Structure formats: C-alpha cells, structure tokens
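Novice: Quick one: structure below, then a few questions.
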Amino acid sequence: MPHQIEFPVRSTDLDFIGHVNNAKYLEYMEWARFDWLWQTGLTLDELQRRAIMPVVVNITINYRKELRIHEQVVARTSAVKLGEKSFVIRHELFNQEERLVADADVTMVMIDAHSRRATEMPAELRKALSAELAQQ
C-alpha cells in the first residue's frame, strides 16, 4: 500500500496565473518523500548520524491537471525499483476529488556524506522497498 500524506494548497504556492506553480508540485513530492523516509526510521537526524544521504539523480514528471488555492492535495508514494545503491519511487498527487494532477518517477542514490560517493542503502530502507515491491 502506498504511503500517503495530505496538505492544502497555500496562497504562496500560486503563480501569476492563479494556479500552483510547477516547481511547487516537486516540493509537494519532496514533502511526501521525506515523510515516507521517516516512516522507515530514517529521520534527518538518523541520516546525519550515519553520514548517508539519499540524493535525487533523476525526476520524470507529468503535469496532468492544475491545482488551485485551498484545494486539498493527497500525495501517494510507492516503490518502483530497487538496486544496490539506488531506488526508484513514484509520487502521485491527487486533488480532493481523487483526480490525478501530477505523477513522477524519482531515482535516488544513497551517498556517503564524507566521500560523496554512492554507498549501499540502509537495511531498513531496503527491507521497506522490498516488502512494498513484493506486494505489487
């Protein structure tokens, strides 16, 4: 089952046309990604303690429908692919009417904070990704 969080569109999310700015969709996905990681126990403090960082290396996004002020956004995050040092997750953003407004596949690589080189991902993240992939 995909991870899910909800939040409202705020006035500061809008562009001059009056709908959500395209960059904000990516920010919404980032909020979902951090919350999803924290649910595995990998809080920012824990990542810093271990000196590892998940780094986005690719995003392929589709903008499907505009969002407007005060709409409620539902962000769902699910696993797509698991590698040795990388993984792919999918974010889907829905409005309160359950219409898909944007989706993206995000490729991330775990890196060592000191060497800035790819490193193996934590066991709990690998376990969470594997379990989700097995349910699909």
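Labels used: A, B, ... for chains in the order of the structure tokens, numbers from 1 for residues in each chain, and numbers from 1 for ligands as shown.
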Which neighbours of Thr60 (chain A) fall inside 7 Å, counting only C-alpha atoms, when residues of the same chain fewer than 5 positions from it are skipped, and could you give them as a list in words?
Specialist: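 Once the nearby chain positions are removed, what remains is Ala104, Asp105 and Val106 of chain A.
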Novice: Could you save the residues just selected, with N, CA, C and O atoms, as a PDB file, in the first residue's frame?
Specialist:
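Writing done, so here's result_10.pdb:
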ATOM      1  N   ALA A 104       5.239  11.417 -10.891  1.00  0.00           N
ATOM      2  CA  ALA A 104       6.666  11.459 -11.215  1.00  0.00           C
ATOM      3  C   ALA A 104       7.351  10.197 -10.736  1.00  0.00           C
ATOM      4  O   ALA A 104       7.001   9.646  -9.694  1.00  0.00           O
ATOM      5  N   ASP A 105       8.325   9.754 -11.506  1.00  0.00           N
ATOM      6  CA  ASP A 105       9.239   8.707 -11.066  1.00  0.00           C
ATOM      7  C   ASP A 105      10.532   9.400 -10.665  1.00  0.00           C
ATOM      8  O   ASP A 105      11.075  10.211 -11.425  1.00  0.00           O
ATOM      9  N   VAL A 106      10.993   9.081  -9.460  1.00  0.00           N
ATOM     10  CA  VAL A 106      12.176   9.732  -8.891  1.00  0.00           C
ATOM     11  C   VAL A 106      13.232   8.669  -8.624  1.00  0.00           C
ATOM     12  O   VAL A 106      12.980   7.716  -7.877  1.00  0.00           O
TER      13      VAL A 106
END
Novice: So which bits of region 6-42 of chain A end up strand (DSSP E or B) when you DSSP the backbone, as a PyMOL selection string?
Specialist: chain A and resi 6-8+14+19-20
Novice: Counting only C-alpha atoms, which residues of region 39-118 of chain A sit at most 8 Å from some atom of region 9-31 of chain A, and what is each one's closest atom pair with its distance in Å to one decimal, listed by chain and rising residue number, as JSON lines?
Specialist:
{"residue": "A:Tyr63", "atom": "CA", "partner": "A:Asn22", "partner_atom": "CA", "distance": 8.0}
{"residue": "A:Glu66", "atom": "CA", "partner": "A:His19", "partner_atom": "CA", "distance": 6.3}
{"residue": "A:Leu67", "atom": "CA", "partner": "A:Val20", "partner_atom": "CA", "distance": 5.5}
{"residue": "A:Arg68", "atom": "CA", "partner": "A:His19", "partner_atom": "CA", "distance": 4.8}
{"residue": "A:Ile69", "atom": "CA", "partner": "A:Val9", "partner_atom": "CA", "distance": 5.3}
{"residue": "A:His70", "atom": "CA", "partner": "A:Val9", "partner_atom": "CA", "distance": 5.0}
{"residue": "A:Glu71", "atom": "CA", "partner": "A:Val9", "partner_atom": "CA", "distance": 5.5}
{"residue": "A:Gln72", "atom": "CA", "partner": "A:Val9", "partner_atom": "CA", "distance": 6.3}
{"residue": "A:Val73", "atom": "CA", "partner": "A:Val9", "partner_atom": "CA", "distance": 6.9}
{"residue": "A:Ala75", "atom": "CA", "partner": "A:Met29", "partner_atom": "CA", "distance": 7.0}
{"residue": "A:His91", "atom": "CA", "partner": "A:Met29", "partner_atom": "CA", "distance": 6.3}
{"residue": "A:Leu93", "atom": "CA", "partner": "A:Met29", "partner_atom": "CA", "distance": 7.8}
{"residue": "A:Ala102", "atom": "CA", "partner": "A:Tyr25", "partner_atom": "CA", "distance": 7.5}
Novice: Could you tell me, as a count of residues only, which residues of region 12-123 of chain A DSSP assigns to helix (DSSP H, G or I) when given the backbone?
Specialist: 28
Novice: What lies within 12 Å of region 44-49 of chain A using only C-alpha atoms, ignoring chain neighbours under 2 positions off, as a list in words?
Specialist: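 My list of contacting residues is Phe34, Asp35, Trp36, Leu37, Trp38, Gln39, Thr40, Gly41, Leu42, Ala51, Ile52, Met53, Pro54, Val55, Met110, Ile111, Asp112, Ala113, His114, Met121, Pro122 and Leu125 of chain A.
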Novice: Limited to C-alpha atoms, could you put the picked residues into a file as a tab-separated table (two decimals), in the first residue's frame?
Specialist:
chain	number	residue	atom	x	y	z
A	34	PHE	CA	10.81	12.91	3.42
A	35	ASP	CA	7.73	11.72	5.29
A	36	TRP	CA	7.97	8.36	3.53
A	37	LEU	CA	11.65	8.01	4.52
A	38	TRP	CA	10.92	9.00	8.12
A	39	GLN	CA	8.32	6.24	8.33
A	40	THR	CA	11.16	3.74	7.76
A	41	GLY	CA	13.05	5.28	10.72
A	42	LEU	CA	15.42	7.29	8.56
A	51	ALA	CA	26.60	10.10	7.42
A	52	ILE	CA	24.48	8.96	4.49
A	53	MET	CA	22.17	10.94	2.22
A	54	PRO	CA	19.52	9.98	-0.32
A	55	VAL	CA	20.18	12.14	-3.39
A	110	MET	CA	22.38	6.76	-1.37
A	111	ILE	CA	25.68	8.53	-0.95
A	112	ASP	CA	28.28	8.64	1.78
A	113	ALA	CA	28.22	12.16	3.25
A	114	HIS	CA	32.01	12.30	3.57
A	121	MET	CA	21.37	1.80	1.32
A	122	PRO	CA	20.39	1.11	4.91
A	125	LEU	CA	15.10	1.07	3.66
Novice: Using only C-alpha atoms, which of the listed residues (A:Val101, A:Ile5, A:Val57, A:Ala131) sits closest to Arg76 (chain A)?
Specialist: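 Once distances to Arg76 (chain A) are computed over only C-alpha atoms, the minimum belongs to A:Ile5.
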Novice: Could you work out how far CA of Lys85 (chain A) lies from CA of Ala32 (chain A), giving the answer in Å with one decimal?
Specialist: 20.9 Å
Novice: Taking only C-alpha atoms into account, which of A:Gln4, A:Ser115, A:Gln135, A:Asn58 comes nearest Phe87 (chain A)?
Specialist: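 Comparing A:Gln4, A:Ser115, A:Gln135, A:Asn58 against Phe87 (chain A), the winner is A:Asn58.
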Novice: Looking at only C-alpha atoms, which of A:Thr107, A:Ser86, A:Thr43, A:Gln96 is the one that sits closest to Thr119 (chain A)?
Specialist: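 Distance minimum relative to Thr119 (chain A) lands on A:Ser86.
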Novice: Quick check, in Å to one decimal: how far apart do CA of Pro2 (chain A) and CA of Arg90 (chain A) lie?
Specialist: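 Spanning CA of Pro2 (chain A) to CA of Arg90 (chain A) is a straight-line distance of 9.4 Å.
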